[in-house]
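Text of model-v5.cif, listed as mmCIF, C-alpha atoms and all ligand atoms:
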data_run
loop_
_atom_site.group_PDB
_atom_site.id
_atom_site.type_symbol
_atom_site.label_atom_id
_atom_site.label_comp_id
_atom_site.auth_asym_id
_atom_site.auth_seq_id
_atom_site.Cartn_x
_atom_site.Cartn_y
_atom_site.Cartn_z
ATOM 1 C CA MET A 1 155.574 155.361 158.233
ATOM 2 C CA SER A 2 159.246 156.236 157.863
ATOM 3 C CA ALA A 3 161.586 157.670 160.459
ATOM 4 C CA GLN A 4 162.840 161.149 159.873
ATOM 5 C CA ILE A 5 166.064 162.683 161.167
ATOM 6 C CA VAL A 6 165.607 166.319 162.079
ATOM 7 C CA ARG A 7 168.748 168.398 162.435
ATOM 8 C CA ARG A 8 169.023 171.993 163.467
ATOM 9 C CA ASP A 9 171.596 174.736 163.676
ATOM 10 C CA VAL A 10 172.626 175.779 167.188
ATOM 11 C CA VAL A 11 174.764 178.809 168.026
ATOM 12 C CA VAL A 12 177.069 177.291 170.631
ATOM 13 C CA ALA A 13 179.688 179.967 171.265
ATOM 14 C CA SER A 14 181.234 183.187 170.118
ATOM 15 C CA LEU A 15 184.325 182.785 167.971
ATOM 16 C CA ALA A 16 186.233 185.079 170.348
ATOM 17 C CA ASP A 17 185.407 182.829 173.316
ATOM 18 C CA LEU A 18 186.315 179.665 171.394
ATOM 19 C CA LYS A 19 189.640 181.158 170.276
ATOM 20 C CA GLU A 20 190.496 181.967 173.879
ATOM 21 C CA ARG A 21 189.451 178.580 175.293
ATOM 22 C CA GLU A 22 190.595 176.447 172.316
ATOM 23 C CA ARG A 23 187.996 173.753 173.126
ATOM 24 C CA ILE A 24 184.492 173.798 174.563
ATOM 25 C CA VAL A 25 182.405 170.669 175.217
ATOM 26 C CA PHE A 26 178.619 170.861 174.845
ATOM 27 C CA ASP A 27 175.568 168.723 175.502
ATOM 28 C CA VAL A 28 172.673 169.727 173.272
ATOM 29 C CA ASP A 29 169.592 167.631 174.001
ATOM 30 C CA GLY A 30 171.760 164.629 174.898
ATOM 31 C CA THR A 31 174.201 164.958 171.998
ATOM 32 C CA GLU A 32 177.682 165.589 173.394
ATOM 33 C CA PHE A 33 180.375 167.139 171.227
ATOM 34 C CA GLY A 34 183.513 169.219 171.454
ATOM 35 C CA VAL A 35 184.156 172.341 169.393
ATOM 36 C CA TYR A 36 187.779 173.242 168.727
ATOM 37 C CA PHE A 37 189.685 176.221 167.377
ATOM 38 C CA HIS A 38 193.174 175.532 166.079
ATOM 39 C CA ASP A 39 195.377 177.145 163.438
ATOM 40 C CA GLY A 40 192.535 179.385 162.218
ATOM 41 C CA GLU A 41 190.135 176.438 161.774
ATOM 42 C CA VAL A 42 187.030 175.341 163.662
ATOM 43 C CA ARG A 43 185.999 171.697 164.101
ATOM 44 C CA ALA A 44 183.248 169.857 165.960
ATOM 45 C CA TRP A 45 183.644 166.197 167.009
ATOM 46 C CA TYR A 46 181.195 163.884 168.751
ATOM 47 C CA ASN A 47 182.364 163.209 172.295
ATOM 48 C CA VAL A 48 182.667 159.474 171.625
ATOM 49 C CA CYS A 49 186.035 157.765 171.200
ATOM 50 C CA PRO A 50 186.129 155.126 168.419
ATOM 51 C CA HIS A 51 188.143 152.820 170.705
ATOM 52 C CA GLN A 52 185.669 152.079 173.516
ATOM 53 C CA GLY A 53 183.353 155.070 173.582
ATOM 54 C CA GLY A 54 185.260 157.250 176.066
ATOM 55 C CA PRO A 55 184.660 161.003 176.396
ATOM 56 C CA VAL A 56 187.437 161.880 173.970
ATOM 57 C CA CYS A 57 186.624 165.597 173.791
ATOM 58 C CA GLN A 58 187.397 165.973 177.473
ATOM 59 C CA GLY A 59 190.961 164.775 176.972
ATOM 60 C CA LYS A 60 194.103 166.886 176.930
ATOM 61 C CA ILE A 61 195.253 168.715 173.820
ATOM 62 C CA MET A 62 198.915 167.897 173.169
ATOM 63 C CA PRO A 63 201.468 168.625 170.451
ATOM 64 C CA ARG A 64 201.884 165.657 168.087
ATOM 65 C CA THR A 65 204.859 163.508 169.126
ATOM 66 C CA VAL A 66 207.531 163.109 166.451
ATOM 67 C CA GLN A 67 210.886 161.361 166.200
ATOM 68 C CA LEU A 68 213.644 163.948 165.858
ATOM 69 C CA VAL A 69 216.678 163.308 163.655
ATOM 70 C CA ARG A 70 220.175 164.664 164.142
ATOM 71 C CA GLY A 71 223.611 164.451 162.722
ATOM 72 C CA GLU A 72 224.992 165.050 159.284
ATOM 73 C CA GLY A 73 222.451 163.851 156.769
ATOM 74 C CA GLY A 74 219.890 163.386 159.535
ATOM 75 C CA LEU A 75 220.796 159.767 160.160
ATOM 76 C CA LYS A 76 220.793 159.694 163.969
ATOM 77 C CA SER A 77 217.837 159.626 166.283
ATOM 78 C CA GLY A 78 217.440 162.746 168.339
ATOM 79 C CA GLY A 79 214.826 161.121 170.522
ATOM 80 C CA PRO A 80 211.197 162.070 170.804
ATOM 81 C CA GLY A 81 210.060 165.637 170.259
ATOM 82 C CA HIS A 82 206.967 167.604 169.420
ATOM 83 C CA HIS A 83 205.599 169.011 166.191
ATOM 84 C CA PRO A 84 205.613 172.827 166.264
ATOM 85 C CA SER A 85 201.966 173.263 165.234
ATOM 86 C CA ASP A 86 200.084 169.928 164.925
ATOM 87 C CA ARG A 87 197.892 169.153 167.906
ATOM 88 C CA ASN A 88 196.230 165.925 169.020
ATOM 89 C CA ILE A 89 193.282 165.290 171.288
ATOM 90 C CA VAL A 90 194.240 162.570 173.801
ATOM 91 C CA CYS A 91 191.358 160.375 174.960
ATOM 92 C CA PRO A 92 191.279 160.331 178.782
ATOM 93 C CA TRP A 93 190.394 156.639 179.017
ATOM 94 C CA HIS A 94 193.307 154.851 177.272
ATOM 95 C CA GLY A 95 195.333 157.586 175.595
ATOM 96 C CA PHE A 96 194.427 157.124 171.932
ATOM 97 C CA GLU A 97 195.303 160.308 170.040
ATOM 98 C CA PHE A 98 193.427 162.048 167.239
ATOM 99 C CA ASP A 99 194.485 164.993 165.096
ATOM 100 C CA ILE A 100 192.518 168.035 166.181
ATOM 101 C CA LEU A 101 191.762 169.123 162.580
ATOM 102 C CA THR A 102 191.365 165.808 160.717
ATOM 103 C CA GLY A 103 190.079 163.691 163.621
ATOM 104 C CA LYS A 104 192.315 160.828 162.400
ATOM 105 C CA HIS A 105 194.461 158.544 164.536
ATOM 106 C CA PRO A 106 198.096 159.289 163.598
ATOM 107 C CA ALA A 107 199.052 155.626 163.093
ATOM 108 C CA ASP A 108 195.867 154.374 161.438
ATOM 109 C CA GLN A 109 194.064 156.805 159.160
ATOM 110 C CA SER A 110 191.060 154.477 158.979
ATOM 111 C CA VAL A 111 190.300 155.232 162.647
ATOM 112 C CA GLY A 112 188.920 158.616 163.539
ATOM 113 C CA LEU A 113 186.432 160.821 165.308
ATOM 114 C CA ARG A 114 182.946 161.484 163.968
ATOM 115 C CA ARG A 115 182.496 165.025 162.747
ATOM 116 C CA LEU A 116 179.548 167.386 163.090
ATOM 117 C CA PRO A 117 178.964 170.205 160.599
ATOM 118 C CA VAL A 118 180.216 173.500 162.047
ATOM 119 C CA ARG A 119 180.544 176.972 160.557
ATOM 120 C CA VAL A 120 181.272 180.524 161.623
ATOM 121 C CA GLU A 121 178.993 183.433 160.760
ATOM 122 C CA GLY A 122 180.276 186.744 162.049
ATOM 123 C CA ASP A 123 181.235 185.935 165.639
ATOM 124 C CA ASP A 124 178.792 183.029 165.981
ATOM 125 C CA VAL A 125 180.017 179.422 165.992
ATOM 126 C CA ILE A 126 177.126 177.331 164.668
ATOM 127 C CA VAL A 127 176.914 173.534 164.910
ATOM 128 C CA THR A 128 174.325 171.450 163.084
ATOM 129 C CA VAL A 129 173.084 168.944 165.674
HETATM 130 S S1 LIG A 201 188.041 154.806 174.883
HETATM 131 FE FE1 LIG A 201 189.347 156.319 174.077
HETATM 132 S S2 LIG A 201 191.288 155.413 174.098
HETATM 133 FE FE2 LIG A 201 189.967 153.880 174.822
#
Before we go any further, please render this structure as structure tokens.
Ligand code: FES
Amino acid sequence: MSAQIVRRDVVVASLADLKERERIVFDVDGTEFGVYFHDGEVRAWYNVCPHQGGPVCQGKIMPRTVQLVRGEGGLKSGGPGHHPSDRNIVCPWHGFEFDILTGKHPADQSVGLRRLPVRVEGDDVIVTV
């Protein structure tokens, strides 16, 4: 006898509601995940941080921190600043950050969030759980 994984599509939200709230966290039969709308894109990530398993989807959404440059030729540090459009999810346990659209850690692209299939049909946001 072999084990079988059964997945199903679940309508979790309206696109209009997700756009307004930017992120909604769900628990569907014990599977926790966050669904995000950013820059015209929709993503769904398991609510498990790759660092130590924290509830990453319940963390703040922040602009990506960048190092600004100033001066002629851009050779001087302008101190820290924020990217105008890139957003990171910040894990509430220890502050690891992950790009909201790629799920990758900004300093180590081999570390990232686990993705769930998500699509939009009409105004329905549908996640395959
Ligand atoms: S568990 Fe997320 S940063 Fe440590």
Chain A near ligand LIG 201 (chain A) within 6 Å: what's each residue's closest atom pair and its distance in Å to one decimal, counting all atoms listed in the file, ordered by chain then ascending residue number, as a Markdown table?
| residue | atom | partner | partner_atom | distance |
| --- | --- | --- | --- | --- |
| A:Cys49 | CA | A:LIG201 | FE1 | 4.6 |
| A:His51 | CA | A:LIG201 | FE2 | 4.6 |
| A:Gln52 | CA | A:LIG201 | S1 | 3.9 |
| A:Gly53 | CA | A:LIG201 | S1 | 4.9 |
| A:Gly54 | CA | A:LIG201 | S1 | 3.9 |
| A:Val56 | CA | A:LIG201 | FE1 | 5.9 |
| A:Cys91 | CA | A:LIG201 | FE1 | 4.6 |
| A:Trp93 | CA | A:LIG201 | FE2 | 5.0 |
| A:His94 | CA | A:LIG201 | S2 | 3.8 |
| A:Gly95 | CA | A:LIG201 | S2 | 4.8 |
| A:Phe96 | CA | A:LIG201 | S2 | 4.2 |
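The shortest atom-to-atom distance to Pro84 (chain A), with only C-alpha atoms taken into account, belongs to A:Pro63 out of A:Gly71, A:Gly34, A:Pro117, A:Pro63.
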To test the calculation: enclose all listed atoms of region 9-19 of chain A in a box whose edges run along x, y and z, add 5 Å on each side, then state centre and edge lengths in Å to one decimal, as AutoDock Vina command-line options.
--center_x 180.6 --center_y 179.9 --center_z 168.5 --size_x 28.0 --size_y 20.3 --size_z 19.6
statement: For His83 (chain A), the closest of A:Val48, A:Leu101, A:Ile5, A:Met62 counting only C-alpha atoms is A:Met62
Please provide the set of residues having any atom within 6 Å of region 10-21 of chain A, restricted to all atoms listed in the file, with same-chain residues fewer than 3 positions apart removed, written as a short mmCIF file (atom, residue, chain, number, x, y, z; two decimals) with C-alpha atoms, in the frame of the given file.
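Result file part39.cif:
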data_model
loop_
_atom_site.label_atom_id
_atom_site.label_comp_id
_atom_site.auth_asym_id
_atom_site.auth_seq_id
_atom_site.Cartn_x
_atom_site.Cartn_y
_atom_site.Cartn_z
CA PHE A 37 189.68 176.22 167.38
CA ASP A 123 181.24 185.94 165.64
CA ASP A 124 178.79 183.03 165.98
CA VAL A 125 180.02 179.42 165.99
CA ILE A 126 177.13 177.33 164.67
CA VAL A 127 176.91 173.53 164.91
#
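Proximity ranking of A:Pro92, A:Gly30, A:Gly112, A:Pro80 relative to Arg64 (chain A) places A:Pro80 first, based on all atoms listed in the file.
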May I ask you to restore N, CA, C and O atoms in region 57-81 of chain A and write the result as a PDB file, in the coordinates of the input?
ATOM      1  N   CYS A  57     186.511 164.137 173.870  1.00  0.00           N
ATOM      2  CA  CYS A  57     186.624 165.597 173.791  1.00  0.00           C
ATOM      3  C   CYS A  57     187.022 166.229 175.123  1.00  0.00           C
ATOM      4  O   CYS A  57     187.353 167.407 175.178  1.00  0.00           O
ATOM      5  N   GLN A  58     186.988 165.445 176.184  1.00  0.00           N
ATOM      6  CA  GLN A  58     187.397 165.973 177.473  1.00  0.00           C
ATOM      7  C   GLN A  58     188.857 165.666 177.782  1.00  0.00           C
ATOM      8  O   GLN A  58     189.348 165.964 178.864  1.00  0.00           O
ATOM      9  N   GLY A  59     189.550 165.086 176.795  1.00  0.00           N
ATOM     10  CA  GLY A  59     190.961 164.775 176.972  1.00  0.00           C
ATOM     11  C   GLY A  59     191.849 165.976 176.721  1.00  0.00           C
ATOM     12  O   GLY A  59     191.420 167.004 176.196  1.00  0.00           O
ATOM     13  N   LYS A  60     193.123 165.810 177.109  1.00  0.00           N
ATOM     14  CA  LYS A  60     194.103 166.886 176.930  1.00  0.00           C
ATOM     15  C   LYS A  60     194.360 167.152 175.455  1.00  0.00           C
ATOM     16  O   LYS A  60     194.206 166.263 174.618  1.00  0.00           O
ATOM     17  N   ILE A  61     194.802 168.349 175.158  1.00  0.00           N
ATOM     18  CA  ILE A  61     195.253 168.715 173.820  1.00  0.00           C
ATOM     19  C   ILE A  61     196.774 168.817 173.897  1.00  0.00           C
ATOM     20  O   ILE A  61     197.306 169.588 174.701  1.00  0.00           O
ATOM     21  N   MET A  62     197.459 167.984 173.086  1.00  0.00           N
ATOM     22  CA  MET A  62     198.915 167.897 173.169  1.00  0.00           C
ATOM     23  C   MET A  62     199.530 168.079 171.788  1.00  0.00           C
ATOM     24  O   MET A  62     198.926 167.698 170.777  1.00  0.00           O
ATOM     25  N   PRO A  63     200.762 168.600 171.731  1.00  0.00           N
ATOM     26  CA  PRO A  63     201.468 168.625 170.451  1.00  0.00           C
ATOM     27  C   PRO A  63     201.698 167.196 169.963  1.00  0.00           C
ATOM     28  O   PRO A  63     201.904 166.294 170.778  1.00  0.00           O
ATOM     29  N   ARG A  64     201.644 166.992 168.642  1.00  0.00           N
ATOM     30  CA  ARG A  64     201.884 165.657 168.087  1.00  0.00           C
ATOM     31  C   ARG A  64     203.328 165.246 168.359  1.00  0.00           C
ATOM     32  O   ARG A  64     204.263 166.020 168.132  1.00  0.00           O
ATOM     33  N   THR A  65     203.519 164.022 168.855  1.00  0.00           N
ATOM     34  CA  THR A  65     204.859 163.508 169.126  1.00  0.00           C
ATOM     35  C   THR A  65     205.526 163.097 167.823  1.00  0.00           C
ATOM     36  O   THR A  65     204.901 162.459 166.976  1.00  0.00           O
ATOM     37  N   VAL A  66     206.781 163.473 167.658  1.00  0.00           N
ATOM     38  CA  VAL A  66     207.531 163.109 166.451  1.00  0.00           C
ATOM     39  C   VAL A  66     208.894 162.557 166.873  1.00  0.00           C
ATOM     40  O   VAL A  66     209.345 162.778 167.999  1.00  0.00           O
ATOM     41  N   GLN A  67     209.531 161.848 165.970  1.00  0.00           N
ATOM     42  CA  GLN A  67     210.886 161.361 166.200  1.00  0.00           C
ATOM     43  C   GLN A  67     211.845 162.364 165.570  1.00  0.00           C
ATOM     44  O   GLN A  67     211.801 162.597 164.364  1.00  0.00           O
ATOM     45  N   LEU A  68     212.692 162.969 166.373  1.00  0.00           N
ATOM     46  CA  LEU A  68     213.644 163.948 165.858  1.00  0.00           C
ATOM     47  C   LEU A  68     214.834 163.232 165.227  1.00  0.00           C
ATOM     48  O   LEU A  68     215.173 162.118 165.632  1.00  0.00           O
ATOM     49  N   VAL A  69     215.457 163.858 164.255  1.00  0.00           N
ATOM     50  CA  VAL A  69     216.678 163.308 163.655  1.00  0.00           C
ATOM     51  C   VAL A  69     217.799 164.325 163.791  1.00  0.00           C
ATOM     52  O   VAL A  69     217.574 165.526 163.775  1.00  0.00           O
ATOM     53  N   ARG A  70     219.008 163.802 163.955  1.00  0.00           N
ATOM     54  CA  ARG A  70     220.175 164.664 164.142  1.00  0.00           C
ATOM     55  C   ARG A  70     221.324 164.159 163.289  1.00  0.00           C
ATOM     56  O   ARG A  70     221.269 163.112 162.693  1.00  0.00           O
ATOM     57  N   GLY A  71     222.376 164.873 163.366  1.00  0.00           N
ATOM     58  CA  GLY A  71     223.611 164.451 162.722  1.00  0.00           C
ATOM     59  C   GLY A  71     223.648 164.831 161.257  1.00  0.00           C
ATOM     60  O   GLY A  71     222.638 165.205 160.663  1.00  0.00           O
ATOM     61  N   GLU A  72     224.818 164.723 160.689  1.00  0.00           N
ATOM     62  CA  GLU A  72     224.992 165.050 159.284  1.00  0.00           C
ATOM     63  C   GLU A  72     224.151 164.114 158.430  1.00  0.00           C
ATOM     64  O   GLU A  72     224.231 162.901 158.575  1.00  0.00           O
ATOM     65  N   GLY A  73     223.327 164.664 157.592  1.00  0.00           N
ATOM     66  CA  GLY A  73     222.451 163.851 156.769  1.00  0.00           C
ATOM     67  C   GLY A  73     221.214 163.369 157.508  1.00  0.00           C
ATOM     68  O   GLY A  73     220.396 162.654 156.952  1.00  0.00           O
ATOM     69  N   GLY A  74     221.089 163.744 158.773  1.00  0.00           N
ATOM     70  CA  GLY A  74     219.890 163.386 159.535  1.00  0.00           C
ATOM     71  C   GLY A  74     219.745 161.905 159.781  1.00  0.00           C
ATOM     72  O   GLY A  74     218.653 161.368 159.737  1.00  0.00           O
ATOM     73  N   LEU A  75     220.837 161.215 160.026  1.00  0.00           N
ATOM     74  CA  LEU A  75     220.796 159.767 160.160  1.00  0.00           C
ATOM     75  C   LEU A  75     220.717 159.264 161.596  1.00  0.00           C
ATOM     76  O   LEU A  75     220.568 158.081 161.826  1.00  0.00           O
ATOM     77  N   LYS A  76     220.824 160.147 162.570  1.00  0.00           N
ATOM     78  CA  LYS A  76     220.793 159.694 163.969  1.00  0.00           C
ATOM     79  C   LYS A  76     219.500 160.136 164.638  1.00  0.00           C
ATOM     80  O   LYS A  76     218.997 161.224 164.389  1.00  0.00           O
ATOM     81  N   SER A  77     219.037 159.284 165.533  1.00  0.00           N
ATOM     82  CA  SER A  77     217.837 159.626 166.283  1.00  0.00           C
ATOM     83  C   SER A  77     218.148 160.715 167.298  1.00  0.00           C
ATOM     84  O   SER A  77     219.147 160.642 168.014  1.00  0.00           O
ATOM     85  N   GLY A  78     217.309 161.694 167.334  1.00  0.00           N
ATOM     86  CA  GLY A  78     217.440 162.746 168.339  1.00  0.00           C
ATOM     87  C   GLY A  78     216.452 162.556 169.469  1.00  0.00           C
ATOM     88  O   GLY A  78     216.249 163.445 170.280  1.00  0.00           O
ATOM     89  N   GLY A  79     215.809 161.381 169.473  1.00  0.00           N
ATOM     90  CA  GLY A  79     214.826 161.121 170.522  1.00  0.00           C
ATOM     91  C   GLY A  79     213.471 161.725 170.178  1.00  0.00           C
ATOM     92  O   GLY A  79     213.291 162.335 169.137  1.00  0.00           O
ATOM     93  N   PRO A  80     212.538 161.545 171.078  1.00  0.00           N
ATOM     94  CA  PRO A  80     211.197 162.070 170.804  1.00  0.00           C
ATOM     95  C   PRO A  80     211.147 163.589 170.953  1.00  0.00           C
ATOM     96  O   PRO A  80     211.890 164.170 171.724  1.00  0.00           O
ATOM     97  N   GLY A  81     210.266 164.189 170.182  1.00  0.00           N
ATOM     98  CA  GLY A  81     210.060 165.637 170.259  1.00  0.00           C
ATOM     99  C   GLY A  81     208.621 165.944 169.922  1.00  0.00           C
ATOM    100  O   GLY A  81     207.777 165.038 169.856  1.00  0.00           O
TER     101      GLY A  81
END
